[in-house]
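Novice: Got a file for you: structure16.txt, compact mmCIF, C-alpha atoms.
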# COMPACT_ATOMS: atom_id res chain seq x y z
CA MET A 1 2.83 -26.64 17.98
CA THR A 2 5.58 -24.16 18.83
CA GLU A 3 5.47 -20.83 17.04
CA SER A 4 8.62 -21.68 15.11
CA ALA A 5 6.90 -24.75 13.68
CA ARG A 6 3.70 -22.83 13.03
CA PHE A 7 5.00 -20.28 10.53
CA GLU A 8 7.15 -20.63 7.45
CA LEU A 9 8.46 -17.46 5.82
CA PHE A 10 9.60 -17.44 2.21
CA ALA A 11 11.98 -14.54 1.83
CA PHE A 12 15.12 -13.12 0.27
CA TRP A 13 17.90 -11.45 2.24
CA ARG A 14 17.57 -7.90 0.92
CA THR A 15 13.84 -7.61 0.12
CA ALA A 16 12.38 -4.63 2.02
CA ALA A 17 8.99 -6.28 2.38
CA ALA A 18 10.57 -9.39 3.90
CA TYR A 19 12.52 -7.16 6.31
CA ARG A 20 9.22 -5.70 7.50
CA VAL A 21 7.81 -9.14 8.27
CA ARG A 22 11.02 -10.20 10.04
CA VAL A 23 10.93 -7.13 12.31
CA ALA A 24 7.27 -7.65 13.17
CA CYS A 25 7.90 -11.33 13.97
CA ASN A 26 10.86 -10.36 16.15
CA LEU A 27 8.81 -7.75 18.03
CA LYS A 28 6.05 -10.31 18.61
CA GLY A 29 8.44 -13.05 19.65
CA VAL A 30 7.39 -15.22 16.72
CA GLN A 31 10.15 -17.14 14.96
CA PRO A 32 9.13 -18.47 11.56
CA ARG A 33 11.18 -21.12 9.90
CA GLU A 34 12.66 -19.22 6.96
CA THR A 35 13.05 -20.57 3.44
CA PHE A 36 15.40 -18.71 1.17
CA VAL A 37 14.10 -17.81 -2.29
CA ASP A 38 17.04 -16.64 -4.39
CA LEU A 39 15.55 -13.75 -6.38
CA ASP A 40 18.91 -13.10 -8.04
CA ALA A 41 18.75 -16.59 -9.53
CA GLY A 42 15.07 -16.42 -10.49
CA GLY A 43 13.97 -18.58 -7.58
CA GLN A 44 10.61 -16.80 -7.49
CA ARG A 45 9.82 -18.42 -10.86
CA ASP A 46 10.95 -21.91 -9.81
CA PRO A 47 8.08 -24.43 -10.12
CA ALA A 48 8.74 -25.60 -6.55
CA PHE A 49 8.12 -22.10 -5.24
CA LEU A 50 5.25 -21.39 -7.61
CA ALA A 51 3.51 -24.42 -6.13
CA ILE A 52 3.71 -22.58 -2.78
CA ASN A 53 2.82 -19.14 -4.06
CA PRO A 54 1.62 -19.02 -7.67
CA LEU A 55 2.24 -15.28 -7.71
CA GLY A 56 5.98 -15.80 -7.41
CA ALA A 57 6.31 -13.12 -4.74
CA VAL A 58 8.14 -12.86 -1.46
CA PRO A 59 7.48 -12.47 1.37
CA ALA A 60 4.94 -15.28 1.65
CA LEU A 61 4.05 -16.55 5.10
CA ILE A 62 2.50 -19.97 5.52
CA ASP A 63 0.52 -20.59 8.69
CA HIS A 64 0.72 -24.32 9.49
CA ALA A 65 -1.73 -24.03 12.41
CA ALA A 66 -4.54 -26.56 12.33
CA GLY A 67 -7.43 -25.16 10.32
CA ALA A 68 -5.46 -22.29 8.80
CA PRO A 69 -6.00 -21.75 5.06
CA ALA A 70 -3.44 -23.31 2.74
CA VAL A 71 -3.20 -20.04 0.81
CA PRO A 72 -0.06 -18.18 1.91
CA LEU A 73 -0.27 -14.78 3.52
CA THR A 74 1.20 -12.18 1.19
CA GLN A 75 1.76 -8.42 1.02
CA SER A 76 3.80 -7.07 3.90
CA LEU A 77 1.23 -4.55 5.16
CA ALA A 78 -1.42 -7.28 5.31
CA ILE A 79 0.98 -9.63 7.11
CA LEU A 80 1.87 -6.93 9.66
CA GLU A 81 -1.81 -6.36 10.42
CA PHE A 82 -2.32 -10.14 10.67
CA LEU A 83 0.52 -10.56 13.13
CA ASP A 84 -0.81 -7.66 15.19
CA GLU A 85 -4.24 -9.28 15.35
CA GLU A 86 -2.92 -12.76 16.16
CA PHE A 87 -0.30 -11.58 18.67
CA PRO A 88 -1.60 -8.37 20.25
CA GLN A 89 1.46 -7.73 22.46
CA PRO A 90 3.35 -5.54 21.97
CA PRO A 91 0.91 -3.63 19.73
CA LEU A 92 2.15 -2.42 16.35
CA LEU A 93 -0.65 0.15 16.14
CA PRO A 94 -1.55 2.81 18.72
CA GLN A 95 -4.88 3.25 20.47
CA GLY A 96 -7.51 5.41 18.78
CA ALA A 97 -8.79 5.47 15.21
CA HIS A 98 -7.10 8.77 14.37
CA ALA A 99 -3.73 7.65 15.69
CA ARG A 100 -4.00 4.35 13.84
CA ALA A 101 -4.92 6.21 10.66
CA ARG A 102 -1.83 8.38 11.01
CA VAL A 103 0.41 5.34 11.47
CA ARG A 104 -1.19 3.49 8.58
CA SER A 105 -0.89 6.58 6.39
CA LEU A 106 2.83 6.99 7.13
CA ALA A 107 3.32 3.28 6.48
CA ALA A 108 1.49 3.51 3.16
CA MET A 109 3.52 6.54 2.06
CA LEU A 110 6.55 4.25 2.23
CA ALA A 111 5.34 0.71 1.54
CA ALA A 112 2.67 1.69 -1.00
CA ASP A 113 3.70 5.01 -2.55
CA THR A 114 7.48 4.63 -2.57
CA HIS A 115 8.71 1.05 -2.42
CA PRO A 116 6.69 -0.36 -5.37
CA LEU A 117 8.40 2.13 -7.69
CA ILE A 118 11.87 0.71 -7.08
CA THR A 119 11.25 -3.03 -7.04
CA PRO A 120 13.23 -5.36 -9.31
CA ARG A 121 10.35 -5.83 -11.76
CA VAL A 122 10.13 -2.07 -12.32
CA ARG A 123 13.87 -1.72 -12.75
CA GLN A 124 13.76 -4.59 -15.21
CA TYR A 125 11.07 -2.89 -17.31
CA LEU A 126 13.02 0.37 -17.36
CA THR A 127 16.15 -1.48 -18.45
CA THR A 128 14.69 -3.83 -21.03
CA GLN A 129 11.76 -1.78 -22.37
CA ALA A 130 12.87 1.82 -21.91
CA GLY A 131 16.61 1.67 -22.48
CA PHE A 132 17.60 2.89 -19.03
CA ASP A 133 21.30 2.38 -18.32
CA ALA A 134 22.59 1.73 -14.81
CA ALA A 135 22.95 5.46 -14.07
CA ALA A 136 19.41 6.19 -15.18
CA VAL A 137 18.05 3.34 -13.07
CA ARG A 138 19.92 4.65 -10.06
CA ALA A 139 18.63 8.19 -10.67
CA TRP A 140 15.09 6.78 -10.82
CA ILE A 141 15.54 4.93 -7.54
CA VAL A 142 17.12 7.89 -5.76
CA HIS A 143 14.41 10.23 -7.05
CA TRP A 144 11.53 8.18 -5.60
CA PHE A 145 13.39 7.55 -2.36
CA GLU A 146 13.84 11.32 -1.99
CA VAL A 147 10.23 12.12 -2.84
CA GLY A 148 8.95 9.58 -0.34
CA LEU A 149 11.41 10.26 2.48
CA ARG A 150 11.02 14.04 2.22
CA ALA A 151 7.25 13.82 2.39
CA VAL A 152 7.51 11.56 5.43
CA GLU A 153 10.13 13.87 6.97
CA GLN A 154 7.80 16.85 6.60
CA ARG A 155 5.08 14.99 8.49
CA LEU A 156 7.37 13.59 11.18
CA ALA A 157 9.00 16.98 11.78
CA THR A 158 5.76 18.96 12.03
CA GLU A 159 2.95 16.73 13.27
CA PRO A 160 2.35 16.50 17.01
CA GLY A 161 1.99 12.71 16.97
CA THR A 162 5.72 12.15 16.41
CA GLY A 163 7.66 11.00 19.46
CA ARG A 164 10.71 8.90 19.99
CA PHE A 165 9.32 6.84 17.11
CA CYS A 166 7.08 7.84 14.19
CA HIS A 167 4.07 7.86 16.50
CA GLY A 168 4.68 8.14 20.21
CA ASP A 169 7.38 6.23 22.01
CA GLN A 170 6.82 2.68 20.83
CA PRO A 171 7.61 1.23 17.40
CA THR A 172 4.65 0.79 15.07
CA ILE A 173 4.16 -0.42 11.53
CA ALA A 174 5.20 3.09 10.40
CA ASP A 175 8.65 2.61 11.96
CA ILE A 176 8.90 -0.85 10.45
CA CYS A 177 8.18 0.57 6.98
CA LEU A 178 10.54 3.51 7.50
CA ALA A 179 13.39 1.29 8.69
CA SER A 180 12.79 -1.09 5.78
CA MET A 181 13.35 1.72 3.28
CA ILE A 182 16.55 2.87 4.97
CA ALA A 183 17.75 -0.74 5.17
CA THR A 184 17.21 -0.95 1.41
CA ALA A 185 18.98 2.38 0.87
CA ARG A 186 21.96 1.07 2.83
CA VAL A 187 22.16 -2.01 0.62
CA LEU A 188 22.16 0.34 -2.36
CA GLY A 189 24.84 2.51 -0.75
CA ALA A 190 22.49 5.51 -0.78
CA GLU A 191 22.22 8.16 1.93
CA PHE A 192 19.83 11.08 1.95
CA THR A 193 20.17 14.62 3.24
CA GLY A 194 17.46 16.89 4.55
CA VAL A 195 15.61 14.13 6.40
CA PRO A 196 17.03 14.38 9.95
CA THR A 197 13.90 13.15 11.71
CA VAL A 198 13.85 10.07 9.48
CA TYR A 199 17.42 9.19 10.44
CA ARG A 200 16.87 10.02 14.12
CA ILE A 201 13.95 7.59 14.27
CA VAL A 202 15.78 4.91 12.29
CA GLY A 203 18.56 5.28 14.86
CA GLU A 204 16.01 4.46 17.56
CA CYS A 205 14.98 1.41 15.53
CA ASP A 206 18.60 0.33 14.99
CA ALA A 207 19.02 0.24 18.76
CA LEU A 208 16.28 -2.36 19.16
CA ASP A 209 17.23 -6.00 18.88
CA ALA A 210 14.08 -6.78 16.85
CA PHE A 211 15.25 -4.43 14.10
CA ALA A 212 18.94 -5.26 14.33
CA ARG A 213 18.28 -8.97 13.87
CA ALA A 214 16.32 -8.19 10.69
CA ASP A 215 19.28 -6.41 9.09
CA PRO A 216 19.60 -7.66 5.51
CA TYR A 217 23.28 -8.52 5.97
CA ARG A 218 22.44 -10.79 8.89
CA GLN A 219 20.16 -12.99 6.77
CA ALA A 220 20.95 -16.28 5.08
CA GLY A 221 22.21 -15.75 1.55
CA ALA A 222 23.52 -12.24 2.16
CA PRO A 223 26.97 -11.30 0.92
CA ALA A 224 29.61 -10.04 3.37
CA ARG A 225 29.00 -6.35 4.01
CA MET B 1 -22.91 17.82 14.15
CA THR B 2 -24.32 15.92 11.18
CA GLU B 3 -21.98 13.57 9.39
CA SER B 4 -21.98 15.81 6.33
CA ALA B 5 -20.66 18.69 8.43
CA ARG B 6 -18.17 16.45 10.19
CA PHE B 7 -16.06 15.40 7.22
CA GLU B 8 -14.53 17.37 4.39
CA LEU B 9 -13.01 15.45 1.49
CA PHE B 10 -10.46 17.07 -0.80
CA ALA B 11 -10.58 15.16 -4.06
CA PHE B 12 -10.41 15.21 -7.84
CA TRP B 13 -12.99 13.62 -10.11
CA ARG B 14 -10.88 10.86 -11.65
CA THR B 15 -8.38 10.03 -8.88
CA ALA B 16 -8.62 6.31 -8.07
CA ALA B 17 -7.71 6.84 -4.42
CA ALA B 18 -10.48 9.44 -4.05
CA TYR B 19 -12.92 6.98 -5.65
CA ARG B 20 -12.05 4.46 -2.96
CA VAL B 21 -12.84 6.92 -0.19
CA ARG B 22 -16.10 7.95 -1.87
CA VAL B 23 -17.27 4.32 -2.13
CA ALA B 24 -16.41 3.63 1.52
CA CYS B 25 -18.25 6.75 2.64
CA ASN B 26 -21.26 5.76 0.55
CA LEU B 27 -21.29 2.24 2.01
CA LYS B 28 -21.09 3.68 5.53
CA GLY B 29 -23.74 6.30 4.89
CA VAL B 30 -21.26 9.10 5.56
CA GLN B 31 -21.51 12.13 3.28
CA PRO B 32 -18.45 14.36 3.41
CA ARG B 33 -18.61 17.86 2.04
CA GLU B 34 -16.37 17.59 -1.01
CA THR B 35 -13.87 20.22 -2.11
CA PHE B 36 -12.60 19.95 -5.66
CA VAL B 37 -8.84 20.14 -6.15
CA ASP B 38 -8.15 20.56 -9.86
CA LEU B 39 -5.10 18.38 -10.41
CA ASP B 40 -5.11 19.19 -14.13
CA ALA B 41 -4.57 22.86 -13.23
CA GLY B 42 -1.99 22.20 -10.52
CA GLY B 43 -4.45 22.79 -7.70
CA GLN B 44 -2.53 20.37 -5.47
CA ARG B 45 0.33 22.90 -5.42
CA ASP B 46 -1.91 25.90 -4.69
CA PRO B 47 -0.90 27.60 -1.42
CA ALA B 48 -4.51 27.49 -0.25
CA PHE B 49 -4.53 23.69 -0.54
CA LEU B 50 -0.99 23.27 0.76
CA ALA B 51 -2.15 25.04 3.93
CA ILE B 52 -4.66 22.20 4.31
CA ASN B 53 -2.36 19.35 3.28
CA PRO B 54 1.33 20.32 2.96
CA LEU B 55 1.93 17.14 1.01
CA GLY B 56 -0.22 18.36 -1.86
CA ALA B 57 -1.99 15.03 -2.18
CA VAL B 58 -5.60 14.00 -2.63
CA PRO B 59 -7.58 12.42 -1.17
CA ALA B 60 -7.30 14.25 2.13
CA LEU B 61 -10.11 13.88 4.64
CA ILE B 62 -10.54 16.43 7.40
CA ASP B 63 -12.46 15.34 10.46
CA HIS B 64 -14.11 18.41 12.00
CA ALA B 65 -15.37 16.49 15.02
CA ALA B 66 -14.58 18.13 18.35
CA GLY B 67 -11.18 16.95 19.56
CA ALA B 68 -10.14 15.41 16.25
CA PRO B 69 -6.57 16.19 15.12
CA ALA B 70 -6.17 19.06 12.67
CA VAL B 71 -3.87 16.91 10.55
CA PRO B 72 -5.85 15.57 7.58
CA LEU B 73 -6.32 11.88 7.08
CA THR B 74 -4.43 10.77 3.99
CA GLN B 75 -3.65 7.58 2.05
CA SER B 76 -6.76 5.77 0.85
CA LEU B 77 -6.03 2.44 2.55
CA ALA B 78 -5.55 4.20 5.90
CA ILE B 79 -8.77 6.19 5.39
CA LEU B 80 -10.72 3.03 4.54
CA GLU B 81 -9.50 1.36 7.75
CA PHE B 82 -10.36 4.54 9.70
CA LEU B 83 -13.90 4.65 8.32
CA ASP B 84 -14.34 0.97 9.13
CA GLU B 85 -13.26 1.56 12.73
CA GLU B 86 -15.40 4.69 13.20
CA PHE B 87 -18.47 3.31 11.44
CA PRO B 88 -18.46 -0.46 11.92
CA GLN B 89 -21.60 -1.15 9.88
CA PRO B 90 -21.56 -2.49 7.27
CA PRO B 91 -18.08 -3.94 7.82
CA LEU B 92 -15.50 -3.49 5.06
CA LEU B 93 -13.39 -6.37 6.41
CA PRO B 94 -14.55 -9.92 7.11
CA GLN B 95 -14.37 -11.74 10.43
CA GLY B 96 -11.19 -13.67 11.23
CA ALA B 97 -7.54 -12.68 10.99
CA HIS B 98 -6.85 -14.94 8.02
CA ALA B 99 -9.81 -13.63 6.05
CA ARG B 100 -8.89 -10.04 6.84
CA ALA B 101 -5.31 -10.73 5.77
CA ARG B 102 -6.56 -12.09 2.45
CA VAL B 103 -8.71 -9.02 1.84
CA ARG B 104 -5.93 -6.63 2.84
CA SER B 105 -3.48 -8.52 0.62
CA LEU B 106 -5.76 -8.28 -2.42
CA ALA B 107 -6.32 -4.60 -1.69
CA ALA B 108 -2.57 -4.00 -1.42
CA MET B 109 -1.89 -5.81 -4.70
CA LEU B 110 -3.98 -3.11 -6.36
CA ALA B 111 -3.65 0.02 -4.25
CA ALA B 112 -0.01 -0.51 -3.27
CA ASP B 113 1.61 -2.67 -5.96
CA THR B 114 -0.25 -1.45 -9.05
CA HIS B 115 -1.78 2.00 -8.70
CA PRO B 116 1.35 3.89 -7.54
CA LEU B 117 3.09 2.92 -10.76
CA ILE B 118 0.63 4.80 -12.96
CA THR B 119 0.00 8.00 -11.02
CA PRO B 120 0.47 11.41 -12.66
CA ARG B 121 3.80 12.06 -10.92
CA VAL B 122 5.24 8.85 -12.36
CA ARG B 123 3.93 9.57 -15.84
CA GLN B 124 5.42 13.06 -15.58
CA TYR B 125 8.87 11.67 -14.68
CA LEU B 126 8.74 9.24 -17.59
CA THR B 127 7.77 12.03 -19.97
CA THR B 128 10.12 14.78 -18.78
CA GLN B 129 13.10 12.75 -17.53
CA ALA B 130 13.02 9.63 -19.66
CA GLY B 131 11.72 10.81 -23.01
CA PHE B 132 8.60 8.66 -23.04
CA ASP B 133 6.15 9.73 -25.73
CA ALA B 134 2.40 9.29 -25.32
CA ALA B 135 2.47 5.77 -26.75
CA ALA B 136 5.26 4.68 -24.40
CA VAL B 137 3.43 6.13 -21.40
CA ARG B 138 0.29 4.27 -22.40
CA ALA B 139 2.25 1.03 -22.86
CA TRP B 140 3.72 1.50 -19.37
CA ILE B 141 0.27 2.04 -17.84
CA VAL B 142 -1.29 -0.91 -19.66
CA HIS B 143 1.63 -3.16 -18.69
CA TRP B 144 1.26 -2.52 -14.97
CA PHE B 145 -2.51 -2.75 -15.11
CA GLU B 146 -2.15 -6.16 -16.78
CA VAL B 147 0.44 -7.41 -14.31
CA GLY B 148 -1.67 -6.37 -11.34
CA LEU B 149 -5.06 -7.46 -12.65
CA ARG B 150 -3.78 -10.84 -13.86
CA ALA B 151 -2.20 -11.58 -10.48
CA VAL B 152 -5.44 -10.65 -8.74
CA GLU B 153 -7.44 -12.69 -11.27
CA GLN B 154 -5.33 -15.75 -10.55
CA ARG B 155 -6.10 -15.45 -6.85
CA LEU B 156 -9.79 -14.66 -7.29
CA ALA B 157 -10.27 -17.54 -9.73
CA THR B 158 -8.51 -20.17 -7.61
CA GLU B 159 -8.77 -19.30 -3.94
CA PRO B 160 -11.71 -20.64 -1.96
CA GLY B 161 -12.41 -17.30 -0.25
CA THR B 162 -13.81 -15.72 -3.42
CA GLY B 163 -17.58 -15.37 -3.53
CA ARG B 164 -19.97 -12.98 -5.15
CA PHE B 165 -17.33 -10.38 -4.25
CA CYS B 166 -13.56 -10.71 -3.77
CA HIS B 167 -14.13 -12.29 -0.37
CA GLY B 168 -17.48 -13.79 0.37
CA ASP B 169 -20.73 -12.14 -0.56
CA GLN B 170 -20.31 -8.62 0.82
CA PRO B 171 -18.10 -5.86 -0.57
CA THR B 172 -14.82 -5.29 1.26
CA ILE B 173 -11.86 -2.99 0.82
CA ALA B 174 -10.57 -5.47 -1.78
CA ASP B 175 -13.62 -4.82 -3.97
CA ILE B 176 -13.27 -1.08 -3.44
CA CYS B 177 -9.65 -1.23 -4.62
CA LEU B 178 -10.51 -3.51 -7.56
CA ALA B 179 -13.38 -1.29 -8.71
CA SER B 180 -11.16 1.78 -8.36
CA MET B 181 -8.66 0.35 -10.79
CA ILE B 182 -11.33 -0.57 -13.35
CA ALA B 183 -12.90 2.89 -12.94
CA THR B 184 -9.50 4.34 -13.79
CA ALA B 185 -9.10 1.98 -16.72
CA ARG B 186 -12.47 3.12 -18.06
CA VAL B 187 -11.39 6.76 -17.88
CA LEU B 188 -8.30 5.76 -19.86
CA GLY B 189 -10.42 3.83 -22.35
CA ALA B 190 -8.60 0.60 -21.49
CA GLU B 191 -10.17 -2.84 -21.27
CA PHE B 192 -8.38 -6.03 -20.33
CA THR B 193 -8.80 -9.60 -21.49
CA GLY B 194 -8.12 -12.78 -19.55
CA VAL B 195 -9.48 -11.42 -16.27
CA PRO B 196 -13.10 -12.65 -16.27
CA THR B 197 -13.42 -12.93 -12.49
CA VAL B 198 -12.22 -9.35 -12.11
CA TYR B 199 -14.92 -8.08 -14.46
CA ARG B 200 -17.58 -10.34 -12.95
CA ILE B 201 -16.92 -8.89 -9.50
CA VAL B 202 -16.72 -5.32 -10.78
CA GLY B 203 -20.13 -5.97 -12.34
CA GLU B 204 -21.43 -6.84 -8.87
CA CYS B 205 -19.93 -3.58 -7.60
CA ASP B 206 -21.42 -1.58 -10.46
CA ALA B 207 -24.86 -2.82 -9.41
CA LEU B 208 -24.50 -1.27 -5.96
CA ASP B 209 -25.56 2.33 -5.51
CA ALA B 210 -22.56 3.05 -3.27
CA PHE B 211 -20.20 2.24 -6.15
CA ALA B 212 -22.34 3.77 -8.90
CA ARG B 213 -22.48 7.12 -7.11
CA ALA B 214 -18.67 7.15 -6.90
CA ASP B 215 -18.30 6.85 -10.69
CA PRO B 216 -15.68 9.39 -11.79
CA TYR B 217 -17.99 10.84 -14.43
CA ARG B 218 -20.62 11.59 -11.79
CA GLN B 219 -18.26 13.82 -9.79
CA ALA B 220 -17.96 17.60 -9.87
CA GLY B 221 -15.43 18.75 -12.43
CA ALA B 222 -15.75 15.67 -14.64
CA PRO B 223 -16.10 16.09 -18.39
CA ALA B 224 -19.09 14.67 -20.22
CA ARG B 225 -18.49 10.99 -20.83
Would you write the structure of this file as structure tokens?

Specialist:
Amino acid sequence: MTESARFELFAFWRTAAAYRVRVACNLKGVQPRETFVDLDAGGQRDPAFLAINPLGAVPALIDHAAGAPAVPLTQSLAILEFLDEEFPQPPLLPQGAHARARVRSLAAMLAADTHPLITPRVRQYLTTQAGFDAAAVRAWIVHWFEVGLRAVEQRLATEPGTGRFCHGDQPTIADICLASMIATARVLGAEFTGVPTVYRIVGECDALDAFARADPYRQAGAPAR
Amino acid sequence: MTESARFELFAFWRTAAAYRVRVACNLKGVQPRETFVDLDAGGQRDPAFLAINPLGAVPALIDHAAGAPAVPLTQSLAILEFLDEEFPQPPLLPQGAHARARVRSLAAMLAADTHPLITPRVRQYLTTQAGFDAAAVRAWIVHWFEVGLRAVEQRLATEPGTGRFCHGDQPTIADICLASMIATARVLGAEFTGVPTVYRIVGECDALDAFARADPYRQAGAPAR
């Protein structure tokens, strides 16, 4: 079975968590067949998709390898670790428990502490249950972006582990998570000041084909930029 | 150096992420010296603590081993992975990339997709910026607890990997994250219906000394129950 027949990725063009999986697959040279789930049209609640992933969440990665569980792989951080275990080269985590902990911590500051606050389901609650208008929703989003990016900036700018990328000179899951947040910010038309190291490192990511090909606007279903 | 001199844990009695680190340390037989950071009194913004962790976040774990980085370990999921790499027995992740991905995905559904929505900083924004009163804050918390726990319940009740614990018959990081959320719910006086597998597994956790000793009400600074 070729790798492209082995994996099937259910994703949406602008979802940050799907971006993370796309970058990791690109870095590993794995090309999943991608199935578009139109979140804008409620595709995540379509019975056909719920039969695949009852949780109605993207990204979901199905491994069609013989003997692999039928249950889809979900949660981007878990999928990144899975891909790194299955395809060790190039590594997405550095050598050494302390270095790996730093990378995982930076990744979690973005994918766990920041991104979940701005997802569509949260915005929907704020709009329908709390009376937020569009400006208030945008202020909410910008606030949590700023909190998360500034905390990451402070670490990147001061900790000795930072190199060309978040940790050393090779991209890791921390860079993937960082780039995913900036990719989302770009879709929202948001730019942030006071985080120069963040943007320097994202520039390094932008220059890599694996990241460039994961750009939301290059995915099926994306509008013209 | 004994293990108790090696590690220093900065924590607060009821913080779910600190609970997770305490359970993992207990399971591994590691006993950090614990320093109380009084989040109710703003201790996370105290200059003395900011000199330790400029991000003002607990838990923070300092490794005083010779040659270890001065930068504290942060983010509970990263600390759990670190402890599992440094102290492999008993393992907190199962064998096999697919099984590990399932455990990490369940853990992320709780620690990444649920818990960040109900942290003090989010509640503070809702109160000060969005006019939420106490009842609206509680409704927000209960809503996200229910969304997260019901999604986890659906997986635990239907996926073949579930055993006595979330995955198989030994506690993993998924159980630690699940128990941390229920520990937090208990502090809030919240109970949830329709999640019998969740409560069955938390009952298994409660029966283990490593979890019982991490109970928020057994920590320094906790009020009488």

Novice: Excluding range 211-221 of chain A and any residue of its chain fewer than 4 positions from it, enumerate the residues within 10 Å of it, using only C-alpha atoms, and give them as number ranges by chain.

Specialist: A: 11-16, 18-27, 34-38, 175-176, 179-180, 183-184, 186-187, 202, 204-207, 225

Novice: Since we have the selection now, will you write its residues out, keeping C-alpha atoms, as a PDB file, keeping the file's coordinate frame?

Specialist:
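Dumped to out21.pdb:
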ATOM      1  CA  ALA A  11      11.980 -14.540   1.830  1.00  0.00           C
ATOM      2  CA  PHE A  12      15.120 -13.120   0.270  1.00  0.00           C
ATOM      3  CA  TRP A  13      17.900 -11.450   2.240  1.00  0.00           C
ATOM      4  CA  ARG A  14      17.570  -7.900   0.920  1.00  0.00           C
ATOM      5  CA  THR A  15      13.840  -7.610   0.120  1.00  0.00           C
ATOM      6  CA  ALA A  16      12.380  -4.630   2.020  1.00  0.00           C
ATOM      7  CA  ALA A  18      10.570  -9.390   3.900  1.00  0.00           C
ATOM      8  CA  TYR A  19      12.520  -7.160   6.310  1.00  0.00           C
ATOM      9  CA  ARG A  20       9.220  -5.700   7.500  1.00  0.00           C
ATOM     10  CA  VAL A  21       7.810  -9.140   8.270  1.00  0.00           C
ATOM     11  CA  ARG A  22      11.020 -10.200  10.040  1.00  0.00           C
ATOM     12  CA  VAL A  23      10.930  -7.130  12.310  1.00  0.00           C
ATOM     13  CA  ALA A  24       7.270  -7.650  13.170  1.00  0.00           C
ATOM     14  CA  CYS A  25       7.900 -11.330  13.970  1.00  0.00           C
ATOM     15  CA  ASN A  26      10.860 -10.360  16.150  1.00  0.00           C
ATOM     16  CA  LEU A  27       8.810  -7.750  18.030  1.00  0.00           C
ATOM     17  CA  GLU A  34      12.660 -19.220   6.960  1.00  0.00           C
ATOM     18  CA  THR A  35      13.050 -20.570   3.440  1.00  0.00           C
ATOM     19  CA  PHE A  36      15.400 -18.710   1.170  1.00  0.00           C
ATOM     20  CA  VAL A  37      14.100 -17.810  -2.290  1.00  0.00           C
ATOM     21  CA  ASP A  38      17.040 -16.640  -4.390  1.00  0.00           C
ATOM     22  CA  ASP A 175       8.650   2.610  11.960  1.00  0.00           C
ATOM     23  CA  ILE A 176       8.900  -0.850  10.450  1.00  0.00           C
ATOM     24  CA  ALA A 179      13.390   1.290   8.690  1.00  0.00           C
ATOM     25  CA  SER A 180      12.790  -1.090   5.780  1.00  0.00           C
ATOM     26  CA  ALA A 183      17.750  -0.740   5.170  1.00  0.00           C
ATOM     27  CA  THR A 184      17.210  -0.950   1.410  1.00  0.00           C
ATOM     28  CA  ARG A 186      21.960   1.070   2.830  1.00  0.00           C
ATOM     29  CA  VAL A 187      22.160  -2.010   0.620  1.00  0.00           C
ATOM     30  CA  VAL A 202      15.780   4.910  12.290  1.00  0.00           C
ATOM     31  CA  GLU A 204      16.010   4.460  17.560  1.00  0.00           C
ATOM     32  CA  CYS A 205      14.980   1.410  15.530  1.00  0.00           C
ATOM     33  CA  ASP A 206      18.600   0.330  14.990  1.00  0.00           C
ATOM     34  CA  ALA A 207      19.020   0.240  18.760  1.00  0.00           C
ATOM     35  CA  ARG A 225      29.000  -6.350   4.010  1.00  0.00           C
TER      36      ARG A 225
END

Novice: Report as a tab-separated table: every residue of chain A with an atom at most 8 Å from chain B, its closest pair of atoms, and their distance in Å to one decimal, counting only C-alpha atoms, with rows sorted by chain and ascending residue number.

Specialist:
residue	atom	partner	partner_atom	distance
A:Leu55	CA	B:Ala151	CA	6.4
A:Ala68	CA	B:His98	CA	7.5
A:Pro69	CA	B:His98	CA	7.5
A:Val71	CA	B:Glu159	CA	7.4
A:Leu73	CA	B:Ala101	CA	6.8
A:Thr74	CA	B:Ser105	CA	6.0
A:Gln75	CA	B:Ser105	CA	5.3
A:Leu77	CA	B:Ala108	CA	7.6
A:Ala78	CA	B:Arg104	CA	5.2
A:Ile79	CA	B:Ala101	CA	6.5
A:Glu81	CA	B:Ala101	CA	7.3
A:Phe82	CA	B:Ala101	CA	5.8
A:Glu85	CA	B:Ala97	CA	6.4
A:Glu86	CA	B:Ala97	CA	6.9
A:Ala97	CA	B:Phe82	CA	5.8
A:His98	CA	B:Phe82	CA	7.1
A:Arg100	CA	B:Phe82	CA	7.6
A:Ala101	CA	B:Ala78	CA	5.2
A:Arg102	CA	B:Leu73	CA	6.9
A:Arg104	CA	B:Ala78	CA	5.2
A:Ser105	CA	B:Gln75	CA	5.2
A:Ala108	CA	B:Gln75	CA	6.6
A:Met109	CA	B:Gln75	CA	7.2
A:Ala111	CA	B:Ala112	CA	7.3
A:Ala112	CA	B:Ala112	CA	4.1
A:Asp113	CA	B:Pro116	CA	5.6
A:Thr114	CA	B:Pro116	CA	7.9
A:Pro116	CA	B:Asp113	CA	5.6
A:Leu117	CA	B:Leu117	CA	6.2
A:Ala151	CA	B:Leu55	CA	6.4
A:Glu159	CA	B:Val71	CA	7.3

Novice: Rounded to one decimal, what separation in Å do you get between CA of Arg33 in chain A and CA of Arg121 in chain A?

Specialist: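 Computing the Euclidean distance for CA of Arg33 in chain A and CA of Arg121 in chain A yields 26.5 Å.
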
Novice: Given the choices A:Leu93, A:Ala185, A:Thr197, A:Ile52, which gets closest to Gly163 in chain A if the distance is worked out from only C-alpha atoms?

Specialist: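 Using only C-alpha atoms, Gly163 in chain A sits closest to A:Thr197.
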
Novice: So what do you get for CA of Glu153 in chain A versus CA of His167 in chain A, distance-wise?

Specialist: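 Computed distance, CA of Glu153 in chain A to CA of His167 in chain A, equals 12.8 Å.
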